[in-house]
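The structure appears right after this line, and notes come after that.
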Amino acid sequence: MRRQTEGLRLDVAGLLAHGSLRDTLPLHQTVDSALIDGVVLISRLDSIRRIPPRTVVIMSLEAGSSGWAISAALRHAWERKASALVVYGTEHSQAVISLAKRLEITLLATEQDPSAIAISLAGDLGAARSVLDAQISRFARALSRETTMTGVLQSISHELDGSYVAVDHSGLVLASTGSIGRDHKDVVVSIGGAGETAGATLIASVAKSKLLNEYLIHAILEVASPSVQAAWLASELAGRTNALAVGQLAEELSLETQATASHTELLRQLGWRSEQSYGAVWIESGTETHQVQRTSVIRFLWHKVAPRRPLAEVPGGWLSVLPLEGQDDLTQLEGRMRSRIGPVFSELGYTAGVSQWQPGATDFPTIVREARLAAKAAKGGGPESVLSYEHVGLNATEEFIDLPSIHLVSELALPELITARDRDQVITTVKALLDNSGSITAAAKALDVHRNTLQSRLNRARELGIPLDDPQSTLSLHLILKTLIETFNINPDDQASGER
Amino acid sequence: MTLLDDDDVRALRTGAHFLACCLDPTAIHIYAEKILGALGDGRVDIVPVNDLHPDELVVAVGVVVQGFFVADLPPVGDEFINCIAAIEANKGRKVGAVYSLAAANINGVIPLMVGLQTGLPIVDCDPMGRVFPLISQATLNLGSVAVSPIAMAGATGEQALVHAKDPRRAERLVRSVVAELGGWAATAMYACTAGELAEHGVHGTVSRMIRIGQILDANDSVEKKYLRLVQLLGASRLARARVIFIENLSRHSDLGLPAQPSSVTLLEEGSGRIIRLEIQNEILLVQVDGGVAAAVPDIITLLNSDHGTTVSLEDVRLGNLLDVLVIPASPIWYSPAGLKLAGPAAFKIPTKHPRSHA
């Protein structure tokens with residue numbers, strides 16, 4: 001792009017030498033020749049406040065040429081980063097020339113009708129722009145041959161001299177290519193369209209040293225937008241078609257039943273091979289209500305992990321089933337998920353679970369249940385947003401505890417404990433006892449208190465109605481204590497040896 | 001009611017000059033000297049407008065200049081007496097007090113002479129709160145108080161009485177007559193009741209001129225004078241800068257304004273800021289690096305940085321180090337109607353006032 005567009009930029013010095021500004025008299029010319037993207041003929045000074053940068057401002061006869069008006073125009077031109085100010089008449093005071101020098105704005109004077117200069121300059125700009133238009137047209141033809149998102153983005157990046165190009169949706173980078181430099185500027189256009197593509201943007205991060213023509217970069221992105229939209233929708237369509245099989249199967253099995261002979265036949269018809277091992281991935285929308293419109297975004301993210309494996313939208317989340325050769329494949333899959341979508345999921349509060357691998361396609365319900373369980377057990381919003389079933393363990397049970405209900409039970413069954421002044425200490429003491437399988441010695445050691453102290457605190461617990469001596473209540477009591485510790489935000493360390 | 005002494009008159013003279021920052025203060029000094037000379041035989045009373053009976057007839061007195069200055073064609077002495085007599089004859093009742101047409105420049109001191117000649121008290125109130133070049137640029141006009149009848153008398157002994165409903169038409173008629181009368185005329189206009197003046201006039205403007213003069217004439221440091229002016233007037237110093245360019249006829253003017261436009265450019269040493277003053281009778285606009293920093297109806301005045309004395313525009317020379325001061329005008333002038341009548345656009349400077357929200 002650099003080689004092709006450098007010669008197309010107009011600048012003040014060039015136009016003064018052999019262009020539409022050659023008949024003007026420079027009252028002050030800046031050392032660096034300013035680039036020119038546009039021209040405006042103004043009759044009211046206020047109009048200068050709305051011009052884009054790199055515009056040549058020409059004051060019409062109507063706008064006047066008195067010193068105060070030129071001073072005000074210079075000020076506005078400076079604020080708007082104008083390329084130059086052209087004023088009528090060649091007799092101007094040193095006062096305005098001094099101000100032009102101070103503000104570093106090129107000030108040109110003309111005895112011609114300023115509107116004639118404006119028309120001539122517009123012609124120069126039009127000619128330069130038509131060359132740009134030819135370049136954009138060539139790019140559009142090249143782009144029309146690309147059908148995939150990757151191909152479209154690579155074409156844009158190539159046109160922009162290898163710049164970083166990305167598709168962004170709600171702050172999530174769905175696809176990208178090219179390298180990003182240190183000192184760059186983002187040029188952003190909306191991809192537009194309705195449904196999934198609404199709100200998505202196409203971003204080019206162009207090194208400032210290459211940012212010679214923002215108009216051209218903007219135009220390239222605008223031209224590419226429909227191609228990005230088309231590639232997105234094509235990918236979405238393919239994703240939906242492929243996902244139908246998984247979705248349909250999940251529905252057939254209702255995820256709760258065992259596979260039957262008819263299901264095995266269905267799997268075979270869908271092209272699943274009995275000699276192949278499979279694993280499942282379940283994506284859970286965390287605390288957020290499941291949103292159907294998120295599907296296309298989730299699919300885009302999923303493509304970073306397994307571009308050719310469909311992701312089905314199923315009740316409560318998204319499901320994909322992948323052929324796996326063994327444990328190594330599974331470990332690699334989990335690793336890819338952690339690195340490629342883990343950070344984004346963390347940000348969104350989403351979680352993903354990976355099942356164990358199972359030989360043959362017949363145990364489909366089991367791998368789906370494993371994946372779903374792992375997804376639920378994964379911690380949303382943190383680095384552990386991706387979890388494999390093999391790491392879940394029995395502790396996952398705690399993730400399914402209905403805290404509000406248990407808290408309600410404790411309020412009804414143990415009202416004295418809830419209102420007791422030494423509530424936190426009693427709870428910590430009993431929890432330590434249960435955590436140490438009823439051993440007073442071990443519990444006292446864990447709390448760093450004397451066993452007599454522990455004994456007296458346990459007696460206090462009994463007074464408050466805690467059924468310490470009823471083995472049938474042990475599990476319930478353990479759950480209640482865990483809930484109360486979380487509800488009241490009790491730190492066991494604070495309650496340990498403080499009141500020996 | 002306050003009885004003025006010699007010191008008060010001298011202070012008022014200084015204040016009238018400060019608030020006008022006019023081209024040439026000679027006429028102010030001539031009149032002030034005449035007043036000081038006559039003060040031994042008479043008395044001048046300043047009265048707050050609210051001390052008058054609301055139905056009392058009051059009238060504005062002042063000179064209107066078109067071309068020649070008063071100093072070039074000295075007054076005979078009976079001009080204002082004849083004007084007041086003409087107003088009384090027209091209204092069929094006696095004038096109870098006079099007030100200044102503009103509480104700055106020569107018209108800031110004229111009522112004192114009229115008070116000495118007629119024995120009428122001077123109302124501590126005026127219809128501009130500063131000085132404007134046009135008689136229609138008055139708060140009384142904003143309040144729909146009629147400017148007519150306008151009595152005029154020249155040094156030649158000739159008199160005229162103008163009746164015109166439209167203040168702009170009255171302005172044109174008065175300017176034409178004044179030119180014929182020799183370049184200036186004593187006038188009496190805006191004859192109204194004390195109640196109307198209390199409602200639509202700017203209060204305390206005569207005593208304000210005296211207080212300004214007391215500050216500037218005091219044997220204090222320049223910085224102390226500034227401090228006291230800030231406290232009294234809400235003044236602010238826009239710049240302390242050196243004059244680098246002076247231009248005459250610096251912009252087009254076709255409004256029939258009674259002076260030619262000019263401009264002064266100053267350079268603020270240190271910051272390098274360029275300050276441009278647009279002038280026509282008074283300073284109309286201050287641009288700092290091209291941006292509008294102050295504009296009419298703001299009162300803009302120049303002080304000598306070394307002595308804290310008012311600098312007349314005619315005395316501005318290349319290399320002078322000056323302080324540019326801005327004093328807010330009466331709040332009514334910043335209303336949409338006020339800015340339309342006396343904002344920059346009314347002086348053929350089509351820019352928005354910094355305090356305009358339109």
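Ordering of the structure tokens sets the chain letters (A, B, ...), residue numbers begin anew at 1 in every chain, and ligands are numbered from 1 in the order given.
For B:Ser176, the list of residues within 12 Å, based on only C-alpha atoms and with local chain neighbours fewer than 4 positions off taken out, reads Val64, Val65, Gln66, Gly67, Met152, Ala160, Val162, Arg169, Ala170, Glu171, Arg172, Glu180, Leu181, Gly182, Gly183, Trp184, Ala185, Gly256 and Pro258 of chain B.
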May I have a table of the residues of chain A lying at most 9 Å from chain B, giving each one's closest pair of atoms and their distance in Å to one decimal, counting only C-alpha atoms, ordered by chain and ascending residue number, as JSON lines?
```
{"residue": "A:Arg44", "atom": "CA", "partner": "B:Pro350", "partner_atom": "CA", "distance": 8.6}
{"residue": "A:Leu45", "atom": "CA", "partner": "B:Thr351", "partner_atom": "CA", "distance": 7.9}
{"residue": "A:Asp46", "atom": "CA", "partner": "B:Thr351", "partner_atom": "CA", "distance": 8.2}
{"residue": "A:Gly64", "atom": "CA", "partner": "B:His252", "partner_atom": "CA", "distance": 8.7}
{"residue": "A:Ser65", "atom": "CA", "partner": "B:Arg251", "partner_atom": "CA", "distance": 8.1}
{"residue": "A:Ser66", "atom": "CA", "partner": "B:Arg251", "partner_atom": "CA", "distance": 4.9}
{"residue": "A:Gly67", "atom": "CA", "partner": "B:Ser250", "partner_atom": "CA", "distance": 6.6}
{"residue": "A:Trp68", "atom": "CA", "partner": "B:Glu278", "partner_atom": "CA", "distance": 7.3}
{"residue": "A:Ala69", "atom": "CA", "partner": "B:Ile349", "partner_atom": "CA", "distance": 8.3}
{"residue": "A:Ile70", "atom": "CA", "partner": "B:Gly290", "partner_atom": "CA", "distance": 8.1}
{"residue": "A:Ser71", "atom": "CA", "partner": "B:Gly290", "partner_atom": "CA", "distance": 4.5}
{"residue": "A:Ala72", "atom": "CA", "partner": "B:Gly290", "partner_atom": "CA", "distance": 4.5}
{"residue": "A:Ala73", "atom": "CA", "partner": "B:Gly290", "partner_atom": "CA", "distance": 7.4}
{"residue": "A:Leu74", "atom": "CA", "partner": "B:Gly290", "partner_atom": "CA", "distance": 6.5}
{"residue": "A:Arg75", "atom": "CA", "partner": "B:Gly290", "partner_atom": "CA", "distance": 4.8}
{"residue": "A:His76", "atom": "CA", "partner": "B:Gly291", "partner_atom": "CA", "distance": 8.0}
{"residue": "A:Ser93", "atom": "CA", "partner": "B:Glu247", "partner_atom": "CA", "distance": 7.8}
{"residue": "A:Gln94", "atom": "CA", "partner": "B:Phe245", "partner_atom": "CA", "distance": 7.4}
{"residue": "A:Ala95", "atom": "CA", "partner": "B:Thr265", "partner_atom": "CA", "distance": 6.3}
{"residue": "A:Val96", "atom": "CA", "partner": "B:Gly290", "partner_atom": "CA", "distance": 9.0}
{"residue": "A:Ser98", "atom": "CA", "partner": "B:Ile274", "partner_atom": "CA", "distance": 8.0}
{"residue": "A:Leu99", "atom": "CA", "partner": "B:Asp289", "partner_atom": "CA", "distance": 6.6}
{"residue": "A:Arg102", "atom": "CA", "partner": "B:Gly272", "partner_atom": "CA", "distance": 7.9}
{"residue": "A:Leu103", "atom": "CA", "partner": "B:Asp289", "partner_atom": "CA", "distance": 7.8}
```
For B:Ile212, work out the shell of residues within 9 Å, counting only C-alpha atoms and skipping chain neighbours fewer than 2 positions away, then give it as a tab-separated table (two decimals) with all heavy atoms, in the first residue's frame.
```
chain	number	residue	atom	x	y	z
B	11	ALA	N	-11.95	61.99	41.28
B	11	ALA	CA	-12.03	60.52	41.23
B	11	ALA	C	-13.01	60.08	40.15
B	11	ALA	O	-12.75	59.12	39.40
B	11	ALA	CB	-12.45	59.97	42.60
B	12	LEU	N	-14.14	60.78	40.06
B	12	LEU	CA	-15.14	60.42	39.04
B	12	LEU	C	-14.54	60.59	37.64
B	12	LEU	O	-14.77	59.77	36.75
B	12	LEU	CB	-16.37	61.31	39.21
B	12	LEU	CG	-17.60	60.90	38.40
B	12	LEU	CD1	-18.87	61.18	39.18
B	12	LEU	CD2	-17.66	61.59	37.06
B	14	THR	N	-11.42	60.21	36.79
B	14	THR	CA	-10.52	59.06	36.53
B	14	THR	C	-11.34	57.80	36.22
B	14	THR	O	-11.01	57.04	35.31
B	14	THR	CB	-9.64	58.81	37.77
B	14	THR	OG1	-8.93	60.01	38.07
B	14	THR	CG2	-8.66	57.68	37.51
B	15	GLY	N	-12.42	57.61	36.99
B	15	GLY	CA	-13.26	56.42	36.78
B	15	GLY	C	-13.93	56.45	35.42
B	15	GLY	O	-14.03	55.42	34.75
B	16	ALA	N	-14.38	57.64	35.01
B	16	ALA	CA	-15.05	57.77	33.70
B	16	ALA	C	-14.08	57.44	32.57
B	16	ALA	O	-14.45	56.81	31.58
B	16	ALA	CB	-15.59	59.18	33.54
B	18	PHE	N	-11.37	55.45	32.91
B	18	PHE	CA	-11.03	54.03	33.02
B	18	PHE	C	-12.09	53.16	32.34
B	18	PHE	O	-11.77	52.22	31.62
B	18	PHE	CB	-10.92	53.66	34.51
B	18	PHE	CG	-10.82	52.19	34.78
B	18	PHE	CD1	-9.59	51.54	34.73
B	18	PHE	CD2	-11.95	51.43	35.08
B	18	PHE	CE1	-9.49	50.19	34.98
B	18	PHE	CE2	-11.85	50.07	35.33
B	18	PHE	CZ	-10.62	49.45	35.28
B	19	LEU	N	-13.36	53.48	32.58
B	19	LEU	CA	-14.42	52.61	32.06
B	19	LEU	C	-14.62	52.78	30.56
B	19	LEU	O	-15.24	51.94	29.92
B	19	LEU	CB	-15.74	52.89	32.79
B	19	LEU	CG	-15.81	52.37	34.23
B	19	LEU	CD1	-17.08	52.85	34.91
B	19	LEU	CD2	-15.76	50.85	34.25
B	207	SER	N	-21.53	56.42	41.55
B	207	SER	CA	-20.67	56.19	42.71
B	207	SER	C	-19.58	55.15	42.39
B	207	SER	O	-18.48	55.19	42.94
B	207	SER	CB	-21.50	55.73	43.92
B	207	SER	OG	-22.42	54.74	43.56
B	208	ARG	N	-19.89	54.23	41.46
B	208	ARG	CA	-18.86	53.25	41.06
B	208	ARG	C	-17.69	53.97	40.38
B	208	ARG	O	-16.52	53.64	40.63
B	208	ARG	CB	-19.46	52.22	40.09
B	208	ARG	CG	-18.46	51.16	39.65
B	208	ARG	CD	-19.05	50.09	38.76
B	208	ARG	NE	-19.37	50.62	37.43
B	208	ARG	CZ	-19.66	49.85	36.37
B	208	ARG	NH1	-19.71	48.53	36.50
B	208	ARG	NH2	-19.95	50.39	35.21
B	209	MET	N	-17.98	54.96	39.53
B	209	MET	CA	-16.89	55.70	38.87
B	209	MET	C	-16.01	56.38	39.92
B	209	MET	O	-14.78	56.41	39.78
B	209	MET	CB	-17.47	56.76	37.92
B	209	MET	CG	-18.01	56.17	36.62
B	209	MET	SD	-18.47	57.43	35.41
B	209	MET	CE	-19.98	58.05	36.10
B	210	ILE	N	-16.67	56.92	40.97
B	210	ILE	CA	-15.89	57.61	42.01
B	210	ILE	C	-14.99	56.61	42.74
B	210	ILE	O	-13.80	56.87	42.98
B	210	ILE	CB	-16.84	58.31	43.01
B	210	ILE	CG1	-17.62	59.42	42.28
B	210	ILE	CG2	-16.08	58.88	44.21
B	210	ILE	CD1	-18.73	60.05	43.10
B	214	GLN	N	-10.96	56.58	43.02
B	214	GLN	CA	-10.24	56.59	44.31
B	214	GLN	C	-9.17	55.51	44.35
B	214	GLN	O	-8.07	55.71	44.87
B	214	GLN	CB	-11.25	56.38	45.46
B	214	GLN	CG	-12.14	57.60	45.69
B	214	GLN	CD	-13.34	57.29	46.58
B	214	GLN	OE1	-13.69	56.12	46.79
B	214	GLN	NE2	-13.99	58.34	47.08
B	215	ILE	N	-9.49	54.36	43.77
B	215	ILE	CA	-8.50	53.27	43.73
B	215	ILE	C	-7.31	53.64	42.85
B	215	ILE	O	-6.15	53.52	43.24
B	215	ILE	CB	-9.16	51.97	43.21
B	215	ILE	CG1	-10.17	51.44	44.23
B	215	ILE	CG2	-8.11	50.91	42.89
B	215	ILE	CD1	-11.04	50.31	43.71
B	216	LEU	N	-7.62	54.12	41.63
B	216	LEU	CA	-6.54	54.40	40.68
B	216	LEU	C	-5.71	55.62	41.06
B	216	LEU	O	-4.51	55.67	40.77
B	216	LEU	CB	-7.12	54.58	39.27
B	216	LEU	CG	-7.72	53.32	38.64
B	216	LEU	CD1	-8.34	53.65	37.28
B	216	LEU	CD2	-6.67	52.23	38.46
B	217	ASP	N	-6.35	56.60	41.72
B	217	ASP	CA	-5.61	57.82	42.10
B	217	ASP	C	-4.83	57.64	43.40
B	217	ASP	O	-4.03	58.50	43.77
B	217	ASP	CB	-6.58	59.00	42.26
B	217	ASP	CG	-7.16	59.43	40.91
B	217	ASP	OD1	-6.56	59.05	39.88
B	217	ASP	OD2	-8.20	60.11	40.89
B	228	ARG	N	-7.74	45.66	44.29
B	228	ARG	CA	-8.95	46.39	44.71
B	228	ARG	C	-9.96	46.49	43.57
B	228	ARG	O	-11.16	46.45	43.78
B	228	ARG	CB	-8.55	47.77	45.23
B	228	ARG	CG	-7.72	47.68	46.52
B	228	ARG	CD	-7.41	49.05	47.09
B	228	ARG	NE	-8.62	49.73	47.55
B	228	ARG	CZ	-8.69	51.02	47.86
B	228	ARG	NH1	-7.61	51.76	47.76
B	228	ARG	NH2	-9.81	51.57	48.26
B	229	LEU	N	-9.44	46.60	42.33
B	229	LEU	CA	-10.36	46.63	41.18
B	229	LEU	C	-11.07	45.29	40.99
B	229	LEU	O	-12.24	45.23	40.64
B	229	LEU	CB	-9.59	46.98	39.90
B	229	LEU	CG	-9.14	48.43	39.76
B	229	LEU	CD1	-8.28	48.61	38.52
B	229	LEU	CD2	-10.33	49.38	39.70
B	232	LEU	N	-13.76	45.17	43.57
B	232	LEU	CA	-14.86	46.10	43.32
B	232	LEU	C	-15.68	45.71	42.09
B	232	LEU	O	-16.91	45.75	42.10
B	232	LEU	CB	-14.31	47.52	43.14
B	232	LEU	CG	-15.35	48.59	42.77
B	232	LEU	CD1	-16.33	48.82	43.91
B	232	LEU	CD2	-14.67	49.90	42.39
B	233	LEU	N	-14.98	45.33	41.02
B	233	LEU	CA	-15.65	45.20	39.72
B	233	LEU	C	-15.72	43.76	39.20
B	233	LEU	O	-16.35	43.51	38.19
B	233	LEU	CB	-14.90	46.04	38.67
B	233	LEU	CG	-14.71	47.52	39.00
B	233	LEU	CD1	-13.75	48.15	38.01
B	233	LEU	CD2	-16.05	48.24	38.95
```
So, with only C-alpha atoms as the atoms that count, which of A:Glu384, A:Glu334, A:Asp183, A:Glu91 lies closest to A:Pro26?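 Closest candidate: A:Glu91.
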Show me, as JSON, numbers by chain, the residues that have an atom within 9 Å of B:Thr139 when counting only C-alpha atoms, minus same-chain residues fewer than 5 positions from it. {"B": [126, 127, 128, 129, 144, 145, 200, 201, 202, 332, 333, 338]}
Neighbours of A:Arg423 within 10 Å (only C-alpha atoms; same-chain residues fewer than 3 positions away dropped), as a CSV table (one decimal) with N, CA and C atoms, in the first residue's frame?
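Printed below is part.csv as written:
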```csv
chain,number,residue,atom,x,y,z
A,416,GLU,N,-31.2,-20.7,67.5
A,416,GLU,CA,-30.3,-20.2,68.6
A,416,GLU,C,-28.9,-20.0,68.1
A,417,LEU,N,-28.4,-20.9,67.3
A,417,LEU,CA,-27.1,-20.8,66.8
A,417,LEU,C,-26.9,-19.5,65.9
A,418,ILE,N,-27.9,-19.3,65.1
A,418,ILE,CA,-27.9,-18.2,64.1
A,418,ILE,C,-27.8,-16.8,64.9
A,419,THR,N,-28.5,-16.8,66.0
A,419,THR,CA,-28.5,-15.5,66.7
A,419,THR,C,-27.5,-15.4,67.9
A,420,ALA,N,-26.7,-16.5,68.1
A,420,ALA,CA,-25.8,-16.5,69.2
A,420,ALA,C,-24.6,-15.5,69.0
A,426,VAL,N,-18.5,-21.1,67.4
A,426,VAL,CA,-19.1,-22.4,67.5
A,426,VAL,C,-19.1,-23.1,66.2
A,427,ILE,N,-19.5,-22.4,65.1
A,427,ILE,CA,-19.5,-23.0,63.8
A,427,ILE,C,-18.1,-23.5,63.4
A,428,THR,N,-17.1,-22.7,63.6
A,428,THR,CA,-15.7,-23.1,63.3
A,428,THR,C,-15.3,-24.3,64.1
A,429,THR,N,-15.7,-24.4,65.3
A,429,THR,CA,-15.3,-25.5,66.2
A,429,THR,C,-15.9,-26.8,65.7
A,461,ALA,N,-22.0,-25.8,71.8
A,461,ALA,CA,-22.7,-26.1,70.5
A,461,ALA,C,-23.9,-26.9,70.8
A,464,LEU,N,-26.7,-24.9,72.0
A,464,LEU,CA,-27.4,-24.1,70.9
A,464,LEU,C,-28.1,-25.0,70.0
A,484,LEU,N,-23.1,-21.9,56.2
A,484,LEU,CA,-23.0,-20.8,57.1
A,484,LEU,C,-21.7,-20.1,57.0
A,488,PHE,N,-21.9,-16.2,56.2
A,488,PHE,CA,-21.4,-15.2,57.2
A,488,PHE,C,-20.0,-14.8,56.9
A,490,ILE,N,-17.1,-16.4,57.3
A,490,ILE,CA,-16.4,-16.6,58.5
A,490,ILE,C,-15.0,-17.1,58.1
```
